[in-house]
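**Student:** Supplied structure: start11.cif, mmCIF, C-alpha atoms.
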```
data_query
loop_
_atom_site.label_atom_id
_atom_site.label_comp_id
_atom_site.auth_asym_id
_atom_site.auth_seq_id
_atom_site.Cartn_x
_atom_site.Cartn_y
_atom_site.Cartn_z
CA MET A 11 10.06 -31.19 11.50
CA LEU A 12 7.78 -31.26 14.54
CA ARG A 13 6.35 -27.82 13.79
CA TYR A 14 5.74 -28.68 10.11
CA ASP A 15 4.14 -32.05 10.95
CA THR A 16 1.99 -30.43 13.64
CA GLN A 17 0.83 -27.83 11.14
CA GLU A 18 -0.12 -30.59 8.67
CA SER A 19 -1.92 -32.50 11.43
CA VAL A 20 -3.95 -29.39 12.26
CA ARG A 21 -4.88 -29.00 8.59
CA LEU A 22 -5.97 -32.65 8.29
CA SER A 23 -7.93 -32.42 11.55
CA ASN A 24 -9.84 -29.35 10.39
CA GLN A 25 -10.55 -31.00 7.04
CA TRP A 26 -11.86 -34.06 8.89
CA ILE A 27 -14.01 -31.92 11.22
CA GLY A 28 -15.55 -30.21 8.20
CA ALA A 29 -16.23 -33.50 6.43
CA SER A 30 -17.71 -35.07 9.58
CA THR A 31 -19.95 -32.06 10.24
CA LYS A 32 -21.18 -32.13 6.66
CA ALA A 33 -21.86 -35.90 6.82
CA PHE A 34 -23.71 -35.74 10.16
CA TRP A 35 -25.91 -32.68 9.60
CA GLY A 36 -26.52 -33.58 5.98
CA GLN A 37 -28.37 -36.77 6.91
CA PRO A 38 -31.82 -37.03 5.25
CA ALA A 39 -33.52 -37.30 8.64
CA PHE A 40 -32.74 -33.67 9.39
CA ALA A 41 -34.75 -32.63 6.35
CA LEU A 42 -37.85 -33.27 8.47
CA SER A 43 -36.81 -30.62 10.97
CA PRO A 44 -38.27 -27.11 10.56
CA SER A 45 -35.12 -25.64 12.09
CA PRO A 46 -32.75 -23.77 9.73
CA LEU A 47 -29.74 -24.91 11.75
CA PRO A 48 -29.06 -28.39 10.24
CA PRO A 49 -28.56 -27.09 6.68
CA LEU A 50 -26.41 -24.24 8.03
CA PHE A 51 -24.25 -26.69 10.01
CA ALA A 52 -23.93 -28.98 6.97
CA ALA A 53 -23.03 -26.00 4.79
CA TRP A 54 -20.41 -24.89 7.31
CA GLY A 55 -18.92 -28.38 7.21
CA GLU A 56 -18.85 -28.46 3.40
CA VAL A 57 -17.16 -25.06 3.11
CA THR A 58 -14.70 -25.88 5.91
CA GLU A 59 -13.71 -29.19 4.36
CA ARG A 60 -13.14 -27.51 0.99
CA VAL A 61 -11.01 -24.73 2.52
CA TRP A 62 -8.62 -27.02 4.35
CA SER A 63 -8.33 -29.52 1.51
CA ARG A 64 -7.46 -26.79 -1.01
CA ILE A 65 -4.48 -25.64 1.07
CA ALA A 66 -2.74 -28.94 0.27
CA ALA A 67 -4.02 -29.29 -3.30
CA THR A 68 -1.98 -28.84 -6.48
CA PRO A 69 -4.25 -27.09 -9.00
CA ASP A 70 -4.55 -28.31 -12.58
CA TRP A 71 -4.12 -25.91 -15.47
CA GLY A 72 -7.39 -27.13 -16.97
CA ILE A 73 -6.90 -25.26 -20.25
CA GLU A 74 -8.47 -27.50 -22.87
CA ASN A 75 -9.65 -25.02 -25.48
CA VAL A 76 -9.77 -21.32 -26.32
CA VAL A 77 -12.08 -19.31 -28.56
CA SER A 78 -10.68 -16.91 -31.13
CA ARG A 79 -12.80 -14.97 -33.63
CA GLY A 80 -15.72 -17.31 -33.04
CA ASN A 81 -13.63 -20.45 -33.61
CA ASP A 82 -12.96 -23.03 -30.92
CA HIS A 83 -9.31 -24.16 -30.79
CA VAL A 84 -8.09 -27.22 -28.92
CA VAL A 85 -5.13 -26.49 -26.65
CA SER A 86 -2.26 -28.95 -26.43
CA THR A 87 0.13 -29.02 -23.49
CA ARG A 88 3.59 -30.51 -23.23
CA ILE A 89 6.50 -30.29 -20.81
CA GLU A 90 9.47 -28.83 -22.66
CA GLN A 91 11.87 -29.15 -19.74
CA ASP A 92 11.55 -30.80 -16.35
CA ARG A 93 14.13 -29.46 -13.93
CA PRO A 94 14.38 -30.15 -10.18
CA PHE A 95 12.54 -26.98 -9.12
CA CYS A 96 10.55 -26.06 -12.23
CA LYS A 97 8.81 -27.42 -15.30
CA LEU A 98 8.77 -25.40 -18.50
CA VAL A 99 5.26 -26.01 -19.85
CA HIS A 100 4.33 -25.26 -23.46
CA PHE A 101 0.74 -24.36 -24.35
CA THR A 102 -0.30 -24.03 -27.98
CA ALA A 103 -3.70 -23.67 -29.64
CA ASP A 104 -4.49 -25.83 -32.65
CA ARG A 105 -4.59 -23.30 -35.49
CA LYS A 106 -4.10 -23.44 -39.26
CA LEU A 107 -1.05 -21.18 -39.25
CA PRO A 108 1.66 -21.04 -36.57
CA SER A 109 1.51 -18.07 -34.23
CA PRO A 110 3.98 -15.28 -35.02
CA ARG A 111 4.39 -14.61 -31.28
CA ARG A 112 6.32 -16.86 -28.89
CA VAL A 113 5.89 -15.81 -25.25
CA LEU A 114 7.68 -16.99 -22.12
CA LEU A 115 5.43 -16.18 -19.18
CA VAL A 116 7.54 -16.10 -16.02
CA ALA A 117 5.11 -16.95 -13.25
CA PRO A 118 5.86 -15.86 -9.69
CA MET A 119 7.30 -18.11 -7.03
CA SER A 120 5.62 -16.37 -4.14
CA GLY A 121 3.54 -18.90 -2.27
CA HIS A 122 0.99 -19.63 -4.99
CA TYR A 123 1.27 -22.01 -7.91
CA ALA A 124 1.86 -20.79 -11.44
CA THR A 125 -1.79 -21.64 -12.15
CA LEU A 126 -2.63 -18.32 -10.50
CA ALA A 127 -1.83 -16.94 -13.97
CA ARG A 128 -4.21 -19.38 -15.69
CA ASN A 129 -6.41 -16.58 -17.03
CA THR A 130 -3.32 -14.79 -18.32
CA VAL A 131 -2.27 -17.87 -20.28
CA THR A 132 -5.79 -18.41 -21.60
CA SER A 133 -6.07 -14.82 -22.77
CA LEU A 134 -2.73 -15.01 -24.62
CA LEU A 135 -3.29 -18.36 -26.35
CA PRO A 136 -5.52 -17.06 -29.17
CA ASN A 137 -2.62 -14.85 -30.27
CA CYS A 138 0.55 -16.54 -28.98
CA ASP A 139 2.34 -19.79 -28.31
CA VAL A 140 2.90 -19.64 -24.56
CA TYR A 141 5.63 -21.18 -22.41
CA VAL A 142 5.19 -20.99 -18.63
CA THR A 143 7.56 -21.49 -15.70
CA ASP A 144 5.60 -23.94 -13.56
CA TRP A 145 7.51 -23.83 -10.26
CA LYS A 146 7.42 -26.92 -8.06
CA ASN A 147 6.36 -27.10 -4.43
CA ALA A 148 9.60 -27.19 -2.45
CA ARG A 149 8.17 -29.74 -0.02
CA ASP A 150 8.08 -32.25 -2.90
CA VAL A 151 11.70 -31.70 -4.01
CA PRO A 152 14.15 -34.13 -2.35
CA VAL A 153 17.04 -32.63 -0.39
CA SER A 154 19.36 -34.42 -2.83
CA ALA A 155 18.31 -31.90 -5.52
CA GLY A 156 20.34 -29.25 -3.69
CA SER A 157 19.54 -25.68 -2.74
CA PHE A 158 17.67 -23.02 -4.70
CA ASP A 159 18.07 -19.27 -4.18
CA VAL A 160 17.70 -16.06 -6.23
CA GLU A 161 20.85 -16.85 -8.19
CA ASP A 162 19.55 -20.32 -9.10
CA TYR A 163 16.22 -18.75 -10.08
CA THR A 164 18.00 -16.27 -12.35
CA GLU A 165 20.05 -19.05 -13.94
CA TYR A 166 16.87 -21.04 -14.58
CA LEU A 167 15.44 -18.07 -16.48
CA VAL A 168 18.64 -17.64 -18.48
CA GLY A 169 18.56 -21.35 -19.34
CA PHE A 170 14.92 -21.23 -20.44
CA MET A 171 15.53 -18.15 -22.61
CA ARG A 172 18.54 -19.81 -24.25
CA TYR A 173 16.55 -22.99 -24.82
CA LEU A 174 13.69 -21.12 -26.48
CA GLY A 175 16.12 -19.20 -28.67
CA PRO A 176 15.56 -16.03 -30.70
CA ASP A 177 12.28 -14.25 -31.49
CA LEU A 178 11.16 -14.68 -27.89
CA HIS A 179 9.00 -12.29 -25.87
CA VAL A 180 9.20 -12.49 -22.08
CA ILE A 181 6.40 -11.46 -19.71
CA ALA A 182 7.29 -11.52 -16.00
CA VAL A 183 4.46 -11.25 -13.49
CA CYS A 184 5.10 -9.71 -10.06
CA GLN A 185 7.89 -11.35 -8.01
CA PRO A 186 10.16 -12.43 -10.93
CA ALA A 187 10.26 -9.00 -12.58
CA PRO A 188 13.63 -7.94 -11.10
CA LEU A 189 15.20 -11.36 -11.70
CA ALA A 190 13.86 -11.52 -15.27
CA LEU A 191 15.49 -8.14 -15.82
CA ALA A 192 18.77 -9.54 -14.47
CA ALA A 193 18.50 -12.67 -16.64
CA THR A 194 17.98 -10.50 -19.73
CA ALA A 195 21.06 -8.47 -18.78
CA ILE A 196 23.14 -11.65 -18.49
CA LEU A 197 22.13 -12.66 -22.01
CA ALA A 198 22.79 -9.13 -23.27
CA SER A 199 26.37 -9.27 -22.02
CA THR A 200 27.09 -12.80 -23.29
CA HIS A 201 28.49 -13.38 -26.75
CA GLY A 202 26.38 -15.55 -29.05
CA ARG A 203 23.33 -15.07 -26.88
CA PRO A 204 19.71 -15.07 -28.04
CA VAL A 205 18.28 -12.02 -26.27
CA PRO A 206 14.49 -11.63 -25.97
CA ARG A 207 12.96 -9.17 -28.40
CA THR A 208 10.75 -7.73 -25.66
CA LEU A 209 10.52 -7.88 -21.88
CA THR A 210 7.24 -6.95 -20.20
CA LEU A 211 7.40 -6.49 -16.43
CA ILE A 212 4.02 -6.55 -14.67
CA GLY A 213 3.65 -5.25 -11.11
CA GLY A 214 7.10 -6.31 -9.94
CA PRO A 215 9.31 -4.92 -7.13
CA VAL A 216 12.29 -3.77 -9.18
CA ASP A 217 12.83 -1.00 -6.62
CA PRO A 218 10.78 -1.73 -3.47
CA ASP A 219 11.74 1.63 -1.97
CA ALA A 220 10.31 3.62 -4.89
CA ASN A 221 6.88 3.41 -3.24
CA PRO A 222 6.94 1.01 -0.26
CA THR A 223 3.90 -1.08 0.70
CA GLU A 224 3.19 -3.24 3.73
CA VAL A 225 4.27 -6.29 1.72
CA THR A 226 7.47 -4.93 0.18
CA ASP A 227 8.56 -3.26 3.42
CA PHE A 228 7.92 -6.39 5.49
CA GLY A 229 11.57 -7.50 5.53
CA ASN A 230 12.73 -4.16 6.92
CA ARG A 231 10.63 -4.54 10.06
CA PHE A 232 12.46 -7.66 11.19
CA THR A 233 16.05 -8.84 11.36
CA MET A 234 17.06 -11.73 9.13
CA GLY A 235 17.50 -13.83 12.27
CA GLN A 236 13.91 -13.13 13.31
CA LEU A 237 12.62 -14.05 9.86
CA GLU A 238 14.60 -17.27 9.81
CA SER A 239 13.48 -18.37 13.28
CA GLY A 240 9.87 -17.28 12.84
CA MET A 241 9.14 -18.19 9.22
CA ILE A 242 11.38 -21.11 8.28
CA GLN A 243 10.34 -24.69 8.98
CA THR A 244 11.64 -28.17 8.14
CA VAL A 245 9.53 -30.35 5.84
CA GLY A 246 8.04 -33.32 7.68
CA PHE A 247 8.03 -37.03 6.96
CA ALA A 248 4.88 -37.07 4.83
CA PHE A 249 6.56 -35.44 1.81
CA SER A 250 9.40 -36.20 -0.60
CA GLY A 251 11.30 -33.12 0.53
CA VAL A 252 11.58 -34.35 4.11
CA GLY A 253 14.36 -32.44 5.86
CA ARG A 254 14.35 -29.47 3.47
CA GLN A 255 14.20 -26.01 5.00
CA VAL A 256 11.22 -24.08 3.58
CA TYR A 257 9.06 -21.01 3.99
CA PRO A 258 5.66 -22.78 4.15
CA GLY A 259 2.93 -21.57 1.82
CA ALA A 260 0.42 -21.89 4.66
CA VAL A 261 2.38 -19.33 6.70
CA GLN A 262 2.39 -16.88 3.82
CA LEU A 263 -1.31 -17.53 3.19
CA ALA A 264 -2.07 -16.57 6.79
CA SER A 265 -0.21 -13.29 6.22
CA PHE A 266 -2.16 -12.52 3.07
CA LEU A 267 -5.49 -13.38 4.71
CA SER A 268 -4.72 -11.13 7.68
CA MET A 269 -4.30 -8.12 5.37
CA ASN A 270 -8.02 -8.27 4.45
CA TRP A 271 -9.38 -10.50 7.20
CA GLU A 272 -12.86 -8.97 7.41
CA THR A 273 -13.37 -9.21 3.63
CA HIS A 274 -12.52 -12.94 3.65
CA VAL A 275 -14.73 -13.65 6.67
CA GLU A 276 -17.69 -11.95 4.97
CA ALA A 277 -17.04 -13.86 1.75
CA PHE A 278 -17.11 -17.23 3.52
CA ALA A 279 -20.18 -16.28 5.58
CA ARG A 280 -22.04 -15.48 2.35
CA GLN A 281 -20.87 -18.74 0.78
CA ILE A 282 -22.11 -20.79 3.75
CA LYS A 283 -25.55 -19.21 3.38
CA ARG A 284 -25.56 -19.95 -0.37
CA VAL A 285 -24.60 -23.57 0.23
CA ALA A 286 -27.32 -23.92 2.88
CA LYS A 287 -29.88 -22.64 0.34
CA ASN A 288 -28.46 -24.78 -2.51
CA GLU A 289 -27.64 -21.61 -4.42
CA ASP A 290 -23.94 -22.46 -4.87
CA GLU A 291 -22.25 -24.18 -7.80
CA GLU A 292 -19.05 -26.21 -8.00
CA HIS A 293 -17.35 -23.55 -10.13
CA ASP A 294 -19.13 -20.41 -8.96
CA ARG A 295 -17.19 -17.19 -8.54
CA HIS A 296 -16.37 -17.81 -4.87
CA ASN A 297 -15.04 -21.33 -5.45
CA ARG A 298 -13.06 -20.37 -8.55
CA PHE A 299 -11.27 -17.62 -6.65
CA TYR A 300 -10.63 -19.38 -3.36
CA ASP A 301 -9.76 -22.76 -4.87
CA GLU A 302 -6.79 -20.98 -6.45
CA TYR A 303 -6.09 -18.47 -3.67
CA LEU A 304 -5.96 -21.12 -0.95
CA ALA A 305 -3.77 -23.54 -2.91
CA VAL A 306 -0.31 -22.63 -1.64
CA MET A 307 3.17 -24.00 -2.12
CA ASP A 308 6.34 -23.89 -0.05
CA MET A 309 9.43 -21.96 -1.14
CA THR A 310 12.94 -23.05 -0.27
CA ALA A 311 14.27 -21.20 2.76
CA GLU A 312 17.28 -19.96 0.83
CA PHE A 313 15.12 -18.49 -1.94
CA TYR A 314 12.84 -16.68 0.51
CA LEU A 315 15.66 -15.33 2.67
CA SER A 316 17.88 -14.31 -0.26
CA THR A 317 14.93 -12.54 -1.89
CA VAL A 318 14.22 -10.56 1.27
CA GLN A 319 17.89 -9.73 1.80
CA ARG A 320 19.07 -9.03 -1.73
CA VAL A 321 16.00 -7.77 -3.61
CA PHE A 322 14.13 -5.94 -0.83
CA ARG A 323 16.59 -4.97 1.92
CA ASP A 324 19.79 -4.41 -0.06
CA ARG A 325 17.96 -3.44 -3.29
CA GLU A 326 20.68 -5.07 -5.39
CA ILE A 327 18.61 -4.95 -8.58
CA ALA A 328 17.50 -1.35 -8.01
CA ARG A 329 21.10 -0.28 -7.35
CA ASN A 330 22.43 -2.42 -10.23
CA VAL A 331 24.85 -4.32 -7.99
CA PHE A 332 23.30 -7.79 -8.36
CA SER A 333 25.70 -10.67 -8.99
CA VAL A 334 25.38 -14.34 -9.93
CA ARG A 335 28.18 -16.73 -8.92
CA GLU A 336 30.29 -13.70 -7.98
CA THR A 337 29.94 -12.23 -11.48
CA MET A 338 28.38 -8.78 -11.58
CA VAL A 339 25.25 -8.37 -13.69
CA ASP A 340 25.16 -5.00 -15.45
CA ILE A 341 21.54 -4.24 -16.28
CA GLY A 342 22.76 -1.24 -18.27
CA GLN A 343 24.06 -3.69 -20.90
CA ILE A 344 20.51 -4.23 -22.19
CA SER A 345 20.37 -2.49 -25.55
CA GLU A 346 18.42 -4.76 -27.90
CA THR A 347 15.44 -5.85 -25.78
CA ALA A 348 12.48 -3.47 -25.70
CA ILE A 349 11.04 -3.10 -22.19
CA MET A 350 7.50 -2.34 -21.06
CA THR A 351 6.41 -1.91 -17.45
CA VAL A 352 2.81 -2.33 -16.26
CA GLU A 353 1.50 -1.05 -12.93
CA GLY A 354 -1.84 -0.74 -11.16
CA GLY A 355 -2.86 2.43 -9.41
CA ARG A 356 -4.52 0.42 -6.62
CA ASP A 357 -1.78 -2.18 -6.29
CA ASP A 358 -1.23 -2.64 -2.55
CA ILE A 359 1.48 -5.28 -3.05
CA SER A 360 3.84 -3.68 -5.58
CA ALA A 361 2.79 -0.04 -5.76
CA PRO A 362 3.24 2.27 -8.77
CA GLY A 363 6.85 3.29 -9.24
CA GLN A 364 8.38 0.02 -8.05
CA CYS A 365 8.18 -1.64 -11.47
CA ARG A 366 8.73 1.43 -13.60
CA ALA A 367 12.11 1.83 -11.88
CA ALA A 368 13.41 -0.75 -14.37
CA LEU A 369 13.41 1.89 -17.12
CA ASP A 370 15.91 3.99 -15.15
CA LEU A 371 18.39 1.10 -15.24
CA VAL A 372 18.63 0.81 -19.05
CA PRO A 373 20.18 4.06 -20.35
CA ARG A 374 21.25 2.40 -23.61
CA LEU A 375 17.65 1.77 -24.64
CA PRO A 376 16.17 4.54 -26.80
CA ALA A 377 12.79 5.97 -25.80
CA SER A 378 11.20 4.17 -28.76
CA MET A 379 12.07 0.83 -27.11
CA THR A 380 10.58 1.59 -23.69
CA GLU A 381 7.00 2.00 -22.55
CA SER A 382 5.27 2.46 -19.21
CA VAL A 383 1.61 1.61 -18.58
CA LEU A 384 -0.34 2.68 -15.48
CA GLU A 385 -3.89 1.45 -14.96
CA PRO A 386 -5.28 3.86 -12.33
CA ASP A 387 -8.18 1.71 -11.10
CA ALA A 388 -6.49 -1.72 -11.23
CA GLY A 389 -5.24 -3.66 -8.23
CA HIS A 390 -2.39 -6.16 -8.16
CA TYR A 391 -4.21 -9.16 -9.59
CA GLY A 392 -6.24 -7.06 -11.99
CA ILE A 393 -3.19 -6.04 -14.01
CA PHE A 394 -2.44 -9.60 -15.12
CA THR A 395 -5.62 -11.63 -14.67
CA GLY A 396 -8.61 -9.30 -14.30
CA ARG A 397 -10.75 -7.09 -16.49
CA ALA A 398 -8.08 -4.39 -16.74
CA TRP A 399 -5.69 -6.99 -18.15
CA ARG A 400 -8.17 -8.47 -20.63
CA GLU A 401 -9.67 -5.26 -21.93
CA ARG A 402 -6.87 -2.69 -21.77
CA ILE A 403 -3.46 -4.05 -20.81
CA ARG A 404 -3.34 -7.22 -22.92
CA PRO A 405 -4.03 -5.35 -26.22
CA ARG A 406 -1.22 -2.91 -25.41
CA VAL A 407 1.18 -5.73 -24.59
CA LEU A 408 0.39 -7.49 -27.87
CA GLU A 409 0.80 -4.25 -29.78
CA PHE A 410 4.14 -3.69 -28.04
CA ILE A 411 5.24 -7.22 -28.98
CA ASP A 412 4.21 -6.75 -32.61
CA ARG A 413 5.99 -3.43 -32.85
CA HIS A 414 9.29 -5.07 -31.91
CA ASN A 415 8.69 -8.53 -33.40
CA ARG A 416 11.00 -8.09 -36.36
#
```
Have the structure of the file written as structure tokens, please.

**Tutor:**
Amino acid sequence: MLRYDTQESVRLSNQWIGASTKAFWGQPAFALSPSPLPPLFAAWGEVTERVWSRIAATPDWGIENVVSRGNDHVVSTRIEQDRPFCKLVHFTADRKLPSPRRVLLVAPMSGHYATLARNTVTSLLPNCDVYVTDWKNARDVPVSAGSFDVEDYTEYLVGFMRYLGPDLHVIAVCQPAPLALAATAILASTHGRPVPRTLTLIGGPVDPDANPTEVTDFGNRFTMGQLESGMIQTVGFAFSGVGRQVYPGAVQLASFLSMNWETHVEAFARQIKRVAKNEDEEHDRHNRFYDEYLAVMDMTAEFYLSTVQRVFRDREIARNVFSVRETMVDIGQISETAIMTVEGGRDDISAPGQCRAALDLVPRLPASMTESVLEPDAGHYGIFTGRAWRERIRPRVLEFIDRHNR
């Protein structure tokens, strides 16, 4: 707990330093000075305070309305299920006729909140009723709720799919792609099951070895003991999950930032100059991106370690030897769910080939029920939340859904 509490103390101290710097150098008296330094110092304080406060923030979905064919539709939100580690959130746009498409968007549990897929949800709402797996921050889940690993995650997905019933279309973004594939296989092999009509896998590591990246090969560079001792911490006394073993979101954020450190430093330097010149806005491009990017959540230690061991190191999904509660999951049983894979040519997290490997695991599916999409110029985030998604991938996903929505 000491390490976790120390980390939180450092975060609070840096947030306080930023706020104090902003308050001191932002005093009206400094406006009389011809020096450019006071506004720069105040701007540094404002940006610093925002950065360190966002790391501990839980973002809101903030989806109040969507526009479709020139009409503004109010969006209603309700929690369909509230389970210890996840809420199933239902978004629907107020329209005259019910949507013919019901989509379960499986958001990643990979250090960021499900709100990272906010633009994905917004872009789907004009055409679909959308259900989202809104995973909870492990630091806020009491130890009494028990453990949560890849098998629990898979069972959650199976439960959500059963709850939502037939005529469902599943879209899994990044990390959950292999486990969504396994959950679909469990339903396919269970009598009386409602299997999804379609399963769209976007940029997920179904076979990490198909085209390894620095991220997907990370677990192979360290022993499991090294990962456990270096990455796992115990939640401190300030949170409801006190005593729970977690992989802190802040630790993962540091890893992500280090991959493109110079780019992030330049972005914040430019933002400080804009703030000093009063050229910034509360919801400008920089703040919109980093408010979401910096908001991180903890994962349970058992989920992180079992993901590294079973999905990445042992490649249980890729080799079709994954099991849940000692029962083998045969992905080859999938025969009624059409599957589409989506990859980005510039994806440096889950490179092309890793996701498409899913199609090699379903020999019972005819070619007419499978599709593979590769966007050559799209990066990882672009294939589910950027321009490539909005303009090219989303229309193909909707067309794929409609083709098999009967």

**Student:** Please, what distance in Å, to one decimal, runs between CA of Trp35 in chain A and CA of Leu47 in chain A?

**Tutor:**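 CA of Leu47 in chain A lies at a distance of 8.9 Å from CA of Trp35 in chain A.
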
**Student:** Calculate how many Å separate CA of Ala53 in chain A from CA of Thr31 in chain A, rounding to one decimal.

**Tutor:**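 It comes out at 8.7 Å.
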
**Student:** May I ask which of the residues A:Cys96, A:Ala367, A:Val180, A:Leu315 is the closest one to Thr143 in chain A, counting all atoms listed in the file?

**Tutor:** A:Cys96

**Student:** What is the CA of His179 in chain A-CA of Leu114 in chain A distance in Å, reported with one decimal?

**Tutor:**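 Going from CA of His179 in chain A over to CA of Leu114 in chain A, I get 6.2 Å.
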
**Student:** Since I can't run it myself right now, could you work out what the PyMOL selection byres ((chain A and resi 153-168) around 8) selects here and report it as a list in words?

**Tutor:**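 Output of the PyMOL selection byres ((chain A and resi 153-168) around 8): Pro94, Phe95, Val151, Pro152, Gly169, Phe170, Met171, Arg172, Leu189, Ala190, Ala192, Ala193, Thr194, Ile196, Leu197, Gly251, Val252, Gly253, Arg254, Thr310, Glu312, Phe313, Tyr314, Ser316, Thr317, Ser333, Val334 and Arg335 of chain A.
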
**Student:** Write out as a PyMOL selection string the residues lying within 12 Å of Ala33 in chain A, counting only C-alpha atoms and excluding same-chain residues fewer than 5 positions away.

**Tutor:** chain A and resi 26-28+38-40+48-49+51-56+59

**Student:** Report as a PyMOL selection string the residues that result from applying the PyMOL selection byres ((chain A and resi 128-141) around 9) to the structure here.

**Tutor:** chain A and resi 71-73+75-79+83+85+90+98-103+105+108-116+124-127+142-143+394-396+399-400+404+408

**Student:** Could you save those same residues with C-alpha atoms as a short mmCIF file (atom, residue, chain, number, x, y, z; two decimals), in the frame of the given file?

**Tutor:**
```cif
data_model
loop_
_atom_site.label_atom_id
_atom_site.label_comp_id
_atom_site.auth_asym_id
_atom_site.auth_seq_id
_atom_site.Cartn_x
_atom_site.Cartn_y
_atom_site.Cartn_z
CA TRP A 71 -4.12 -25.91 -15.47
CA GLY A 72 -7.39 -27.13 -16.97
CA ILE A 73 -6.90 -25.26 -20.25
CA ASN A 75 -9.65 -25.02 -25.48
CA VAL A 76 -9.77 -21.32 -26.32
CA VAL A 77 -12.08 -19.31 -28.56
CA SER A 78 -10.68 -16.91 -31.13
CA ARG A 79 -12.80 -14.97 -33.63
CA HIS A 83 -9.31 -24.16 -30.79
CA VAL A 85 -5.13 -26.49 -26.65
CA GLU A 90 9.47 -28.83 -22.66
CA LEU A 98 8.77 -25.40 -18.50
CA VAL A 99 5.26 -26.01 -19.85
CA HIS A 100 4.33 -25.26 -23.46
CA PHE A 101 0.74 -24.36 -24.35
CA THR A 102 -0.30 -24.03 -27.98
CA ALA A 103 -3.70 -23.67 -29.64
CA ARG A 105 -4.59 -23.30 -35.49
CA PRO A 108 1.66 -21.04 -36.57
CA SER A 109 1.51 -18.07 -34.23
CA PRO A 110 3.98 -15.28 -35.02
CA ARG A 111 4.39 -14.61 -31.28
CA ARG A 112 6.32 -16.86 -28.89
CA VAL A 113 5.89 -15.81 -25.25
CA LEU A 114 7.68 -16.99 -22.12
CA LEU A 115 5.43 -16.18 -19.18
CA VAL A 116 7.54 -16.10 -16.02
CA ALA A 124 1.86 -20.79 -11.44
CA THR A 125 -1.79 -21.64 -12.15
CA LEU A 126 -2.63 -18.32 -10.50
CA ALA A 127 -1.83 -16.94 -13.97
CA VAL A 142 5.19 -20.99 -18.63
CA THR A 143 7.56 -21.49 -15.70
CA PHE A 394 -2.44 -9.60 -15.12
CA THR A 395 -5.62 -11.63 -14.67
CA GLY A 396 -8.61 -9.30 -14.30
CA TRP A 399 -5.69 -6.99 -18.15
CA ARG A 400 -8.17 -8.47 -20.63
CA ARG A 404 -3.34 -7.22 -22.92
CA LEU A 408 0.39 -7.49 -27.87
#
```

**Student:** Which one of A:Val407, A:Leu107, A:Val372, A:Val306 sits closest to Trp145 in chain A if you count all atoms listed in the file?

**Tutor:**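 The closest residue to Trp145 in chain A is A:Val306.
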
**Student:** Would you be able to write out as a PDB file with C-alpha atoms, in the frame of the given file which residues have an atom within 10 Å of (3.0, -6.3, -4.5) in the file's coordinates, counting all atoms listed in the file?

**Tutor:**
```
ATOM      1  CA  CYS A 184       5.100  -9.710 -10.060  1.00  0.00           C
ATOM      2  CA  GLN A 185       7.890 -11.350  -8.010  1.00  0.00           C
ATOM      3  CA  GLY A 213       3.650  -5.250 -11.110  1.00  0.00           C
ATOM      4  CA  GLY A 214       7.100  -6.310  -9.940  1.00  0.00           C
ATOM      5  CA  PRO A 215       9.310  -4.920  -7.130  1.00  0.00           C
ATOM      6  CA  PRO A 218      10.780  -1.730  -3.470  1.00  0.00           C
ATOM      7  CA  PRO A 222       6.940   1.010  -0.260  1.00  0.00           C
ATOM      8  CA  THR A 223       3.900  -1.080   0.700  1.00  0.00           C
ATOM      9  CA  GLU A 224       3.190  -3.240   3.730  1.00  0.00           C
ATOM     10  CA  VAL A 225       4.270  -6.290   1.720  1.00  0.00           C
ATOM     11  CA  THR A 226       7.470  -4.930   0.180  1.00  0.00           C
ATOM     12  CA  GLY A 354      -1.840  -0.740 -11.160  1.00  0.00           C
ATOM     13  CA  ASP A 357      -1.780  -2.180  -6.290  1.00  0.00           C
ATOM     14  CA  ASP A 358      -1.230  -2.640  -2.550  1.00  0.00           C
ATOM     15  CA  ILE A 359       1.480  -5.280  -3.050  1.00  0.00           C
ATOM     16  CA  SER A 360       3.840  -3.680  -5.580  1.00  0.00           C
ATOM     17  CA  ALA A 361       2.790  -0.040  -5.760  1.00  0.00           C
ATOM     18  CA  PRO A 362       3.240   2.270  -8.770  1.00  0.00           C
ATOM     19  CA  GLN A 364       8.380   0.020  -8.050  1.00  0.00           C
ATOM     20  CA  CYS A 365       8.180  -1.640 -11.470  1.00  0.00           C
ATOM     21  CA  GLY A 389      -5.240  -3.660  -8.230  1.00  0.00           C
ATOM     22  CA  HIS A 390      -2.390  -6.160  -8.160  1.00  0.00           C
ATOM     23  CA  TYR A 391      -4.210  -9.160  -9.590  1.00  0.00           C
TER      24      TYR A 391
END
```

**Student:** Expand the PyMOL selection byres ((chain A and resi 234-246) around 8) into the individual residues it matches in the shown file, reporting them as a list in words.

**Tutor:** Met11, Leu12, Arg13, Tyr14, Asp15, Arg149, Gly229, Phe232, Thr233, Phe247, Ala248, Phe249, Gly251, Val252, Gly253, Arg254, Gln255, Val256, Tyr257, Pro258, Val261, Ala311, Leu315 and Gln319 of chain A

**Student:** Compare A:Arg231, A:His274, A:Arg280, A:Arg320 by their minimum atom-to-atom distance to Tyr300 in chain A, counting only C-alpha atoms, and give me the closest one.

**Tutor:**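 The shortest atom-to-atom distance to Tyr300 in chain A comes from A:His274.
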
**Student:** Between A:Ser345, A:Ser63, A:Asn270, A:Thr68, which is the closest to Ala377 in chain A once you count all atoms listed in the file?

**Tutor:**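 Answer, going by the shortest atom-to-atom distance: A:Ser345.
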
**Student:** Report as AutoDock Vina command-line options the centre and the edge lengths, in Å to one decimal, of the axis-aligned box holding every listed atom of range 55-62 of chain A, padded by 3 Å on each side.

**Tutor:**
```
--center_x -13.8 --center_y -27.0 --center_z 4.1 --size_x 16.3 --size_y 10.5 --size_z 12.2
```
